[in-house]
$ cat protein-v2.pdb   # PDB, C-alpha atoms
ATOM      1  CA  MET N   1     -84.098 -55.511   5.774  1.00  0.00           C
ATOM      2  CA  ARG N   2     -80.386 -56.014   5.268  1.00  0.00           C
ATOM      3  CA  LYS N   3     -77.765 -53.377   5.970  1.00  0.00           C
ATOM      4  CA  LEU N   4     -77.006 -51.148   2.979  1.00  0.00           C
ATOM      5  CA  THR N   5     -73.588 -51.044   1.397  1.00  0.00           C
ATOM      6  CA  PRO N   6     -71.921 -47.606   1.412  1.00  0.00           C
ATOM      7  CA  ASP N   7     -72.717 -47.207  -2.312  1.00  0.00           C
ATOM      8  CA  GLU N   8     -76.350 -48.146  -1.767  1.00  0.00           C
ATOM      9  CA  GLN N   9     -76.618 -45.729   1.148  1.00  0.00           C
ATOM     10  CA  GLU N  10     -75.092 -42.942  -0.939  1.00  0.00           C
ATOM     11  CA  LEU N  11     -77.520 -43.630  -3.784  1.00  0.00           C
ATOM     12  CA  LEU N  12     -80.504 -43.742  -1.432  1.00  0.00           C
ATOM     13  CA  ASP N  13     -79.464 -40.517   0.314  1.00  0.00           C
ATOM     14  CA  SER N  14     -79.028 -38.790  -3.040  1.00  0.00           C
ATOM     15  CA  ARG N  15     -82.463 -39.895  -4.240  1.00  0.00           C
ATOM     16  CA  LYS N  16     -84.051 -38.767  -0.971  1.00  0.00           C
ATOM     17  CA  ARG N  17     -82.406 -35.342  -1.279  1.00  0.00           C
ATOM     18  CA  GLY N  18     -83.885 -34.961  -4.756  1.00  0.00           C
ATOM     19  CA  PHE N  19     -87.336 -36.248  -3.892  1.00  0.00           C
ATOM     20  CA  ASP N  20     -88.951 -32.967  -2.832  1.00  0.00           C
ATOM     21  CA  ALA N  21     -87.886 -31.236  -6.051  1.00  0.00           C
ATOM     22  CA  PHE N  22     -89.156 -34.173  -8.106  1.00  0.00           C
ATOM     23  CA  HIS N  23     -92.413 -34.287  -6.192  1.00  0.00           C
ATOM     24  CA  GLU N  24     -93.049 -30.554  -6.622  1.00  0.00           C
ATOM     25  CA  GLU N  25     -92.089 -30.552 -10.317  1.00  0.00           C
ATOM     26  CA  ARG N  26     -94.491 -33.268 -11.376  1.00  0.00           C
ATOM     27  CA  MET N  27     -97.719 -31.379 -10.656  1.00  0.00           C
ATOM     28  CA  PRO N  28     -97.224 -28.262 -12.805  1.00  0.00           C
ATOM     29  CA  VAL N  29     -95.577 -30.311 -15.558  1.00  0.00           C
ATOM     30  CA  LEU N  30     -98.520 -32.712 -15.666  1.00  0.00           C
ATOM     31  CA  VAL N  31    -101.058 -29.873 -15.718  1.00  0.00           C
ATOM     32  CA  HIS N  32     -99.132 -28.127 -18.502  1.00  0.00           C
ATOM     33  CA  PHE N  33     -99.088 -31.382 -20.488  1.00  0.00           C
ATOM     34  CA  MET N  34    -102.879 -31.619 -20.243  1.00  0.00           C
ATOM     35  CA  GLU N  35    -103.049 -27.973 -21.400  1.00  0.00           C
ATOM     36  CA  LEU N  36    -100.863 -28.783 -24.411  1.00  0.00           C
ATOM     37  CA  LEU N  37    -103.264 -31.588 -25.289  1.00  0.00           C
ATOM     38  CA  ALA N  38    -106.097 -29.022 -25.065  1.00  0.00           C
ATOM     39  CA  LEU N  39    -107.954 -31.110 -22.505  1.00  0.00           C
ATOM     40  CA  PRO N  40    -110.668 -29.373 -20.459  1.00  0.00           C
ATOM     41  CA  GLU N  41    -109.881 -28.216 -16.926  1.00  0.00           C
ATOM     42  CA  PRO N  42    -106.299 -29.509 -16.992  1.00  0.00           C
ATOM     43  CA  GLY N  43    -105.718 -28.878 -13.293  1.00  0.00           C
ATOM     44  CA  LEU N  44    -108.245 -31.560 -12.427  1.00  0.00           C
ATOM     45  CA  VAL N  45    -105.787 -34.220 -13.608  1.00  0.00           C
ATOM     46  CA  LEU N  46    -104.239 -33.863 -10.145  1.00  0.00           C
ATOM     47  CA  VAL N  47    -107.420 -35.152  -8.479  1.00  0.00           C
ATOM     48  CA  HIS N  48    -109.258 -37.015 -11.259  1.00  0.00           C
ATOM     49  CA  ALA N  49    -106.561 -38.596 -13.425  1.00  0.00           C
ATOM     50  CA  GLU N  50    -108.931 -41.370 -14.526  1.00  0.00           C
ATOM     51  CA  ARG N  51    -110.955 -38.779 -16.489  1.00  0.00           C
ATOM     52  CA  TYR N  52    -107.884 -37.921 -18.535  1.00  0.00           C
ATOM     53  CA  LEU N  53    -106.841 -41.482 -19.359  1.00  0.00           C
ATOM     54  CA  PRO N  54    -109.158 -41.988 -22.378  1.00  0.00           C
ATOM     55  CA  PRO N  55    -108.125 -38.807 -24.250  1.00  0.00           C
ATOM     56  CA  LEU N  56    -104.446 -39.295 -23.352  1.00  0.00           C
ATOM     57  CA  ASP N  57    -104.656 -42.902 -24.535  1.00  0.00           C
ATOM     58  CA  GLN N  58    -106.261 -41.831 -27.802  1.00  0.00           C
ATOM     59  CA  TRP N  59    -103.587 -39.180 -28.371  1.00  0.00           C
ATOM     60  CA  LEU N  60    -100.725 -41.586 -27.572  1.00  0.00           C
ATOM     61  CA  GLN N  61    -102.110 -44.199 -29.973  1.00  0.00           C
ATOM     62  CA  GLN N  62    -101.557 -41.773 -32.842  1.00  0.00           C
ATOM     63  CA  GLN N  63     -98.035 -40.658 -31.957  1.00  0.00           C
ATOM     64  CA  THR N  64     -94.817 -41.602 -33.665  1.00  0.00           C
ATOM     65  CA  ILE N  65     -92.271 -40.882 -30.962  1.00  0.00           C
ATOM     66  CA  SER N  66     -88.824 -39.790 -32.065  1.00  0.00           C
ATOM     67  CA  ASP N  67     -85.761 -40.389 -29.926  1.00  0.00           C
ATOM     68  CA  GLU N  68     -85.384 -36.641 -29.442  1.00  0.00           C
ATOM     69  CA  HIS N  69     -88.898 -36.321 -27.950  1.00  0.00           C
ATOM     70  CA  ARG N  70     -89.012 -39.569 -26.020  1.00  0.00           C
ATOM     71  CA  ALA N  71     -87.457 -38.265 -22.783  1.00  0.00           C
ATOM     72  CA  TRP N  72     -89.761 -35.239 -22.740  1.00  0.00           C
ATOM     73  CA  LEU N  73     -92.868 -37.334 -23.342  1.00  0.00           C
ATOM     74  CA  GLY N  74     -91.646 -40.104 -21.051  1.00  0.00           C
ATOM     75  CA  ALA N  75     -91.450 -37.753 -18.080  1.00  0.00           C
ATOM     76  CA  ARG N  76     -95.009 -36.577 -18.634  1.00  0.00           C
ATOM     77  CA  VAL N  77     -96.421 -40.057 -19.112  1.00  0.00           C
ATOM     78  CA  THR N  78     -94.501 -41.147 -15.998  1.00  0.00           C
ATOM     79  CA  TYR N  79     -96.070 -38.372 -13.943  1.00  0.00           C
ATOM     80  CA  PHE N  80     -99.497 -39.309 -15.280  1.00  0.00           C
ATOM     81  CA  VAL N  81     -99.060 -43.018 -14.531  1.00  0.00           C
ATOM     82  CA  GLY N  82     -97.898 -42.253 -10.997  1.00  0.00           C
ATOM     83  CA  GLU N  83    -100.772 -39.888 -10.304  1.00  0.00           C
ATOM     84  CA  TYR N  84    -103.271 -42.289 -11.828  1.00  0.00           C
ATOM     85  CA  PHE N  85    -102.277 -45.155  -9.538  1.00  0.00           C
ATOM     86  CA  ALA N  86    -101.835 -42.937  -6.479  1.00  0.00           C
ATOM     87  CA  GLN N  87    -105.417 -41.808  -6.972  1.00  0.00           C
ATOM     88  CA  ILE N  88    -107.213 -45.010  -7.943  1.00  0.00           C
ATOM     89  CA  LEU N  89    -105.417 -47.205  -5.387  1.00  0.00           C
ATOM     90  CA  ASN N  90    -105.069 -44.502  -2.720  1.00  0.00           C
ATOM     91  CA  GLY N  91    -101.273 -44.501  -2.636  1.00  0.00           C
ATOM     92  CA  TYR N  92     -98.462 -41.976  -2.778  1.00  0.00           C
ATOM     93  CA  TRP N  93     -95.053 -41.246  -4.297  1.00  0.00           C
ATOM     94  CA  LEU N  94     -92.009 -42.319  -2.288  1.00  0.00           C
ATOM     95  CA  VAL N  95     -88.381 -43.378  -2.561  1.00  0.00           C
ATOM     96  CA  ASN N  96     -88.097 -47.171  -2.426  1.00  0.00           C
ATOM     97  CA  GLU N  97     -85.852 -47.981   0.543  1.00  0.00           C
ATOM     98  CA  PHE N  98     -85.859 -51.769   0.152  1.00  0.00           C
ATOM     99  CA  PRO N  99     -82.478 -52.878  -1.264  1.00  0.00           C
ATOM    100  CA  GLU N 100     -83.700 -56.380  -2.059  1.00  0.00           C
ATOM    101  CA  THR N 101     -86.128 -55.021  -4.674  1.00  0.00           C
ATOM    102  CA  ARG N 102     -85.303 -54.182  -8.276  1.00  0.00           C
ATOM    103  CA  THR N 103     -86.718 -50.674  -7.821  1.00  0.00           C
ATOM    104  CA  PHE N 104     -84.447 -49.812  -4.886  1.00  0.00           C
ATOM    105  CA  ALA N 105     -83.753 -46.057  -4.580  1.00  0.00           C
ATOM    106  CA  ARG N 106     -86.206 -45.209  -7.360  1.00  0.00           C
ATOM    107  CA  TYR N 107     -89.162 -42.874  -7.166  1.00  0.00           C
ATOM    108  CA  VAL N 108     -92.139 -45.194  -7.032  1.00  0.00           C
ATOM    109  CA  VAL N 109     -95.792 -45.170  -6.060  1.00  0.00           C
ATOM    110  CA  GLY N 110     -96.815 -47.383  -3.156  1.00  0.00           C
ATOM    111  CA  GLY N 111     -98.567 -47.399   0.181  1.00  0.00           C
ATOM    112  CA  PHE N 112    -101.752 -48.443  -1.577  1.00  0.00           C
ATOM    113  CA  SER N 113    -104.714 -48.796   0.760  1.00  0.00           C
ATOM    114  CA  LYS N 114    -107.053 -50.244  -1.874  1.00  0.00           C
ATOM    115  CA  ILE N 115    -105.112 -53.479  -2.424  1.00  0.00           C
ATOM    116  CA  SER N 116    -104.262 -56.173   0.084  1.00  0.00           C
ATOM    117  CA  ASN N 117    -100.460 -56.032  -0.289  1.00  0.00           C
ATOM    118  CA  SER N 118     -99.444 -52.917   1.609  1.00  0.00           C
ATOM    119  CA  LYS N 119     -95.848 -53.310   0.400  1.00  0.00           C
ATOM    120  CA  ALA N 120     -96.706 -53.322  -3.304  1.00  0.00           C
ATOM    121  CA  MET N 121     -94.906 -50.671  -5.327  1.00  0.00           C
ATOM    122  CA  LEU N 122     -95.091 -49.499  -8.889  1.00  0.00           C
ATOM    123  CA  ASP N 123     -92.341 -47.836 -10.912  1.00  0.00           C
ATOM    124  CA  PRO N 124     -94.205 -45.369 -13.155  1.00  0.00           C
ATOM    125  CA  PHE N 125     -91.006 -44.791 -15.160  1.00  0.00           C
ATOM    126  CA  GLU N 126     -90.995 -48.453 -16.219  1.00  0.00           C
ATOM    127  CA  VAL N 127     -94.662 -48.370 -17.161  1.00  0.00           C
ATOM    128  CA  ALA N 128     -94.237 -45.202 -19.217  1.00  0.00           C
ATOM    129  CA  ASP N 129     -91.156 -46.609 -20.923  1.00  0.00           C
ATOM    130  CA  GLU N 130     -92.978 -49.829 -21.787  1.00  0.00           C
ATOM    131  CA  CYS N 131     -95.854 -47.855 -23.275  1.00  0.00           C
ATOM    132  CA  LEU N 132     -93.673 -45.506 -25.320  1.00  0.00           C
ATOM    133  CA  ALA N 133     -91.550 -48.375 -26.635  1.00  0.00           C
ATOM    134  CA  GLU N 134     -94.584 -49.671 -28.504  1.00  0.00           C
ATOM    135  CA  PRO N 135     -95.324 -48.493 -32.056  1.00  0.00           C
ATOM    136  CA  PRO N 136     -98.261 -46.215 -32.869  1.00  0.00           C
ATOM    137  CA  GLY N 137    -101.475 -47.915 -31.886  1.00  0.00           C
ATOM    138  CA  ARG N 138    -100.072 -48.441 -28.370  1.00  0.00           C
ATOM    139  CA  SER N 139    -102.639 -48.413 -25.580  1.00  0.00           C
ATOM    140  CA  LEU N 140    -101.787 -46.806 -22.278  1.00  0.00           C
ATOM    141  CA  MET N 141    -105.271 -47.689 -21.062  1.00  0.00           C
ATOM    142  CA  LYS N 142    -104.733 -51.396 -21.730  1.00  0.00           C
ATOM    143  CA  LEU N 143    -101.300 -51.322 -20.101  1.00  0.00           C
ATOM    144  CA  LEU N 144    -102.622 -49.572 -16.977  1.00  0.00           C
ATOM    145  CA  THR N 145    -105.428 -52.132 -16.709  1.00  0.00           C
ATOM    146  CA  GLU N 146    -102.846 -54.932 -16.853  1.00  0.00           C
ATOM    147  CA  VAL N 147    -100.656 -53.216 -14.243  1.00  0.00           C
ATOM    148  CA  GLU N 148    -103.638 -52.699 -11.945  1.00  0.00           C
ATOM    149  CA  GLN N 149    -104.567 -56.382 -12.237  1.00  0.00           C
ATOM    150  CA  GLU N 150    -100.988 -57.391 -11.464  1.00  0.00           C
ATOM    151  CA  LEU N 151    -100.900 -55.127  -8.410  1.00  0.00           C
ATOM    152  CA  ALA N 152    -104.181 -56.597  -7.186  1.00  0.00           C
ATOM    153  CA  LYS N 153    -102.640 -60.104  -7.374  1.00  0.00           C
ATOM    154  CA  SER N 154     -99.458 -59.159  -5.513  1.00  0.00           C
TER
END

$ encode --input "protein-v2.pdb" --output "structure tokens"
Amino acid sequence: MRKLTPDEQELLDSRKRGFDAFHEERMPVLVHFMELLALPEPGLVLVHAERYLPPLDQWLQQQTISDEHRAWLGARVTYFVGEYFAQILNGYWLVNEFPETRTFARYVVGGFSKISNSKAMLDPFEVADECLAEPPGRSLMKLLTEVEQELAKS
């Protein structure tokens, strides 16, 4: 790994300082989102996210997302995507410390033990943004299947 520039080091340090708050925030926000969708046993999304993918996908397919609601929804879909992949691929949230990657200093999910590339990382923010950029009829389930296949190839 190459030496970081002072700006890169400052950015990385800042993201690391904010990581604990981000990491703690995501769980109650995700559970509350499942409550808002009136899904059963919303707290179980933190250990069985795959059970919540079909109803979330169905709900998202029907949504017209305004600019004013996109950030709010994007955060919740991001948290879901991250939890989903952390669970199904046995990974975890972290700050990407590799400056040669396009996701440097971002909160990502990696450390996957269920795929061969131990350095593979996923930016759940990008996945959520890609999903929400699609018009109604979008499929989070299809997108997550594609992402999982791509991770398996990496």

$ atom_distance --input "protein-v2.pdb" --atom1 "CA of Asn90 (chain N)" --atom2 "CA of Ser113 (chain N)"
5.5 Å

$ residues_near_point --input "protein-v2.pdb" --point "(-96.0, -54.2, -14.1)" --cutoff "7 Å" --atoms "only C-alpha atoms" --output "ChimeraX atom specification"
/N:127,147,150

$ residues_around --input "protein-v2.pdb" --residues "Val109 (chain N)" --least-positions-apart "5" --cutoff "10 Å" --atoms "all atoms listed in the file" --output "mmCIF file with C-alpha atoms, keeping the file's coordinate frame"
data_model
loop_
_atom_site.group_PDB
_atom_site.id
_atom_site.type_symbol
_atom_site.label_atom_id
_atom_site.label_comp_id
_atom_site.auth_asym_id
_atom_site.auth_seq_id
_atom_site.Cartn_x
_atom_site.Cartn_y
_atom_site.Cartn_z
ATOM 1 C CA VAL N 81 -99.060 -43.018 -14.531
ATOM 2 C CA GLY N 82 -97.898 -42.253 -10.997
ATOM 3 C CA GLU N 83 -100.772 -39.888 -10.304
ATOM 4 C CA TYR N 84 -103.271 -42.289 -11.828
ATOM 5 C CA PHE N 85 -102.277 -45.155 -9.538
ATOM 6 C CA ALA N 86 -101.835 -42.937 -6.479
ATOM 7 C CA LEU N 89 -105.417 -47.205 -5.387
ATOM 8 C CA ASN N 90 -105.069 -44.502 -2.720
ATOM 9 C CA GLY N 91 -101.273 -44.501 -2.636
ATOM 10 C CA TYR N 92 -98.462 -41.976 -2.778
ATOM 11 C CA TRP N 93 -95.053 -41.246 -4.297
ATOM 12 C CA LEU N 94 -92.009 -42.319 -2.288
ATOM 13 C CA VAL N 95 -88.381 -43.378 -2.561
ATOM 14 C CA ASN N 96 -88.097 -47.171 -2.426
ATOM 15 C CA ALA N 120 -96.706 -53.322 -3.304
ATOM 16 C CA MET N 121 -94.906 -50.671 -5.327
ATOM 17 C CA LEU N 122 -95.091 -49.499 -8.889
ATOM 18 C CA ASP N 123 -92.341 -47.836 -10.912
ATOM 19 C CA PRO N 124 -94.205 -45.369 -13.155
#

$ closest_residue --input "protein-v2.pdb" --among "N:Gly74, N:Phe112, N:Leu56, N:Arg17" --to "Pro42 (chain N)" --atoms "all atoms listed in the file"
N:Leu56

$ closest_residue --input "protein-v2.pdb" --among "N:Thr78, N:Glu97, N:Met34, N:Thr5" --to "Lys119 (chain N)" --atoms "all atoms listed in the file"
N:Glu97

$ atom_distance --input "protein-v2.pdb" --atom1 "CA of Val108 (chain N)" --atom2 "CA of Asp67 (chain N)"
24.2 Å

$ residues_near_point --input "protein-v2.pdb" --point "(-90.7, -43.2, -31.0)" --cutoff "8 Å" --atoms "only C-alpha atoms" --output "ChimeraX atom specification"
/N:63-67,69-70,132-135

$ closest_residue --input "protein-v2.pdb" --among "N:Arg76, N:Arg102, N:Asn117, N:Ala71" --to "His32 (chain N)" --atoms "only C-alpha atoms"
N:Arg76

$ atom_distance --input "protein-v2.pdb" --atom1 "CA of Gln58 (chain N)" --atom2 "CA of Met27 (chain N)"
21.8 Å

$ closest_residue --input "protein-v2.pdb" --among "N:Thr145, N:Gln9, N:Thr101, N:Ser14" --to "Ile88 (chain N)" --atoms "only C-alpha atoms"
N:Thr145

$ residues_around --input "protein-v2.pdb" --residues "Pro28 (chain N)" --least-positions-apart "6" --cutoff "12 Å" --atoms "only C-alpha atoms" --output "list in words"
Ala21, Phe22, Met34, Glu35, Pro42, Gly43, Leu44, Val45, Leu46, Arg76, Tyr79 and Phe80 of chain N

$ resolve_selection --input "protein-v2.pdb" --expression "the PyMOL selection byres ((chain N and resi 140) around 9)" --output "JSON, numbers by chain"
{"N": [53, 54, 56, 57, 58, 60, 61, 127, 128, 131, 132, 138, 139, 141, 142, 143, 144, 145]}

$ closest_residue --input "protein-v2.pdb" --among "N:Val31, N:Leu36, N:Trp72, N:Gln62" --to "His48 (chain N)" --atoms "only C-alpha atoms"
N:Val31

$ residues_around --input "protein-v2.pdb" --residues "Met1 (chain N)" --least-positions-apart "2" --cutoff "10 Å" --atoms "only C-alpha atoms" --output "MDAnalysis selection string"
chainID N and resid 3:4 97:100

$ write_last_selection --input "protein-v2.pdb" --atoms "C-alpha atoms" --output "short mmCIF file (atom, residue, chain, number, x, y, z; two decimals), in the coordinates of the input"
data_model
loop_
_atom_site.label_atom_id
_atom_site.label_comp_id
_atom_site.auth_asym_id
_atom_site.auth_seq_id
_atom_site.Cartn_x
_atom_site.Cartn_y
_atom_site.Cartn_z
CA LYS N 3 -77.76 -53.38 5.97
CA LEU N 4 -77.01 -51.15 2.98
CA GLU N 97 -85.85 -47.98 0.54
CA PHE N 98 -85.86 -51.77 0.15
CA PRO N 99 -82.48 -52.88 -1.26
CA GLU N 100 -83.70 -56.38 -2.06
#

$ build_atoms --input "protein-v2.pdb" --residues "region 11-27 of chain N" --atoms "N, CA and C atoms" --output "PDB file, keeping the file's coordinate frame"
ATOM      1  N   LEU N  11     -76.481 -43.738  -2.751  1.00  0.00           N
ATOM      2  CA  LEU N  11     -77.520 -43.630  -3.784  1.00  0.00           C
ATOM      3  C   LEU N  11     -78.867 -43.284  -3.158  1.00  0.00           C
ATOM      4  N   LEU N  12     -79.232 -43.990  -2.102  1.00  0.00           N
ATOM      5  CA  LEU N  12     -80.504 -43.742  -1.432  1.00  0.00           C
ATOM      6  C   LEU N  12     -80.564 -42.321  -0.875  1.00  0.00           C
ATOM      7  N   ASP N  13     -79.501 -41.878  -0.236  1.00  0.00           N
ATOM      8  CA  ASP N  13     -79.464 -40.517   0.314  1.00  0.00           C
ATOM      9  C   ASP N  13     -79.607 -39.475  -0.790  1.00  0.00           C
ATOM     10  N   SER N  14     -78.944 -39.709  -1.905  1.00  0.00           N
ATOM     11  CA  SER N  14     -79.028 -38.790  -3.040  1.00  0.00           C
ATOM     12  C   SER N  14     -80.457 -38.711  -3.578  1.00  0.00           C
ATOM     13  N   ARG N  15     -81.088 -39.863  -3.731  1.00  0.00           N
ATOM     14  CA  ARG N  15     -82.463 -39.895  -4.240  1.00  0.00           C
ATOM     15  C   ARG N  15     -83.428 -39.219  -3.256  1.00  0.00           C
ATOM     16  N   LYS N  16     -83.202 -39.424  -1.973  1.00  0.00           N
ATOM     17  CA  LYS N  16     -84.051 -38.767  -0.971  1.00  0.00           C
ATOM     18  C   LYS N  16     -83.880 -37.249  -1.013  1.00  0.00           C
ATOM     19  N   ARG N  17     -82.650 -36.794  -1.194  1.00  0.00           N
ATOM     20  CA  ARG N  17     -82.406 -35.342  -1.279  1.00  0.00           C
ATOM     21  C   ARG N  17     -83.124 -34.733  -2.478  1.00  0.00           C
ATOM     22  N   GLY N  18     -83.237 -35.475  -3.554  1.00  0.00           N
ATOM     23  CA  GLY N  18     -83.885 -34.961  -4.756  1.00  0.00           C
ATOM     24  C   GLY N  18     -85.384 -35.161  -4.807  1.00  0.00           C
ATOM     25  N   PHE N  19     -85.926 -35.880  -3.829  1.00  0.00           N
ATOM     26  CA  PHE N  19     -87.336 -36.248  -3.892  1.00  0.00           C
ATOM     27  C   PHE N  19     -88.276 -35.046  -3.837  1.00  0.00           C
ATOM     28  N   ASP N  20     -88.040 -34.113  -2.950  1.00  0.00           N
ATOM     29  CA  ASP N  20     -88.951 -32.967  -2.832  1.00  0.00           C
ATOM     30  C   ASP N  20     -89.031 -32.180  -4.135  1.00  0.00           C
ATOM     31  N   ALA N  21     -87.896 -31.967  -4.773  1.00  0.00           N
ATOM     32  CA  ALA N  21     -87.886 -31.236  -6.051  1.00  0.00           C
ATOM     33  C   ALA N  21     -88.650 -32.022  -7.111  1.00  0.00           C
ATOM     34  N   PHE N  22     -88.424 -33.318  -7.170  1.00  0.00           N
ATOM     35  CA  PHE N  22     -89.156 -34.173  -8.106  1.00  0.00           C
ATOM     36  C   PHE N  22     -90.652 -34.105  -7.832  1.00  0.00           C
ATOM     37  N   HIS N  23     -91.007 -34.242  -6.582  1.00  0.00           N
ATOM     38  CA  HIS N  23     -92.413 -34.287  -6.192  1.00  0.00           C
ATOM     39  C   HIS N  23     -93.120 -32.975  -6.528  1.00  0.00           C
ATOM     40  N   GLU N  24     -92.458 -31.867  -6.311  1.00  0.00           N
ATOM     41  CA  GLU N  24     -93.049 -30.554  -6.622  1.00  0.00           C
ATOM     42  C   GLU N  24     -93.116 -30.308  -8.124  1.00  0.00           C
ATOM     43  N   GLU N  25     -92.136 -30.779  -8.875  1.00  0.00           N
ATOM     44  CA  GLU N  25     -92.089 -30.552 -10.317  1.00  0.00           C
ATOM     45  C   GLU N  25     -93.217 -31.253 -11.049  1.00  0.00           C
ATOM     46  N   ARG N  26     -93.576 -32.436 -10.612  1.00  0.00           N
ATOM     47  CA  ARG N  26     -94.491 -33.268 -11.376  1.00  0.00           C
ATOM     48  C   ARG N  26     -95.860 -32.634 -11.553  1.00  0.00           C
ATOM     49  N   MET N  27     -96.359 -31.920 -10.569  1.00  0.00           N
ATOM     50  CA  MET N  27     -97.719 -31.379 -10.656  1.00  0.00           C
ATOM     51  C   MET N  27     -97.862 -30.319 -11.750  1.00  0.00           C
TER      52      MET N  27
END
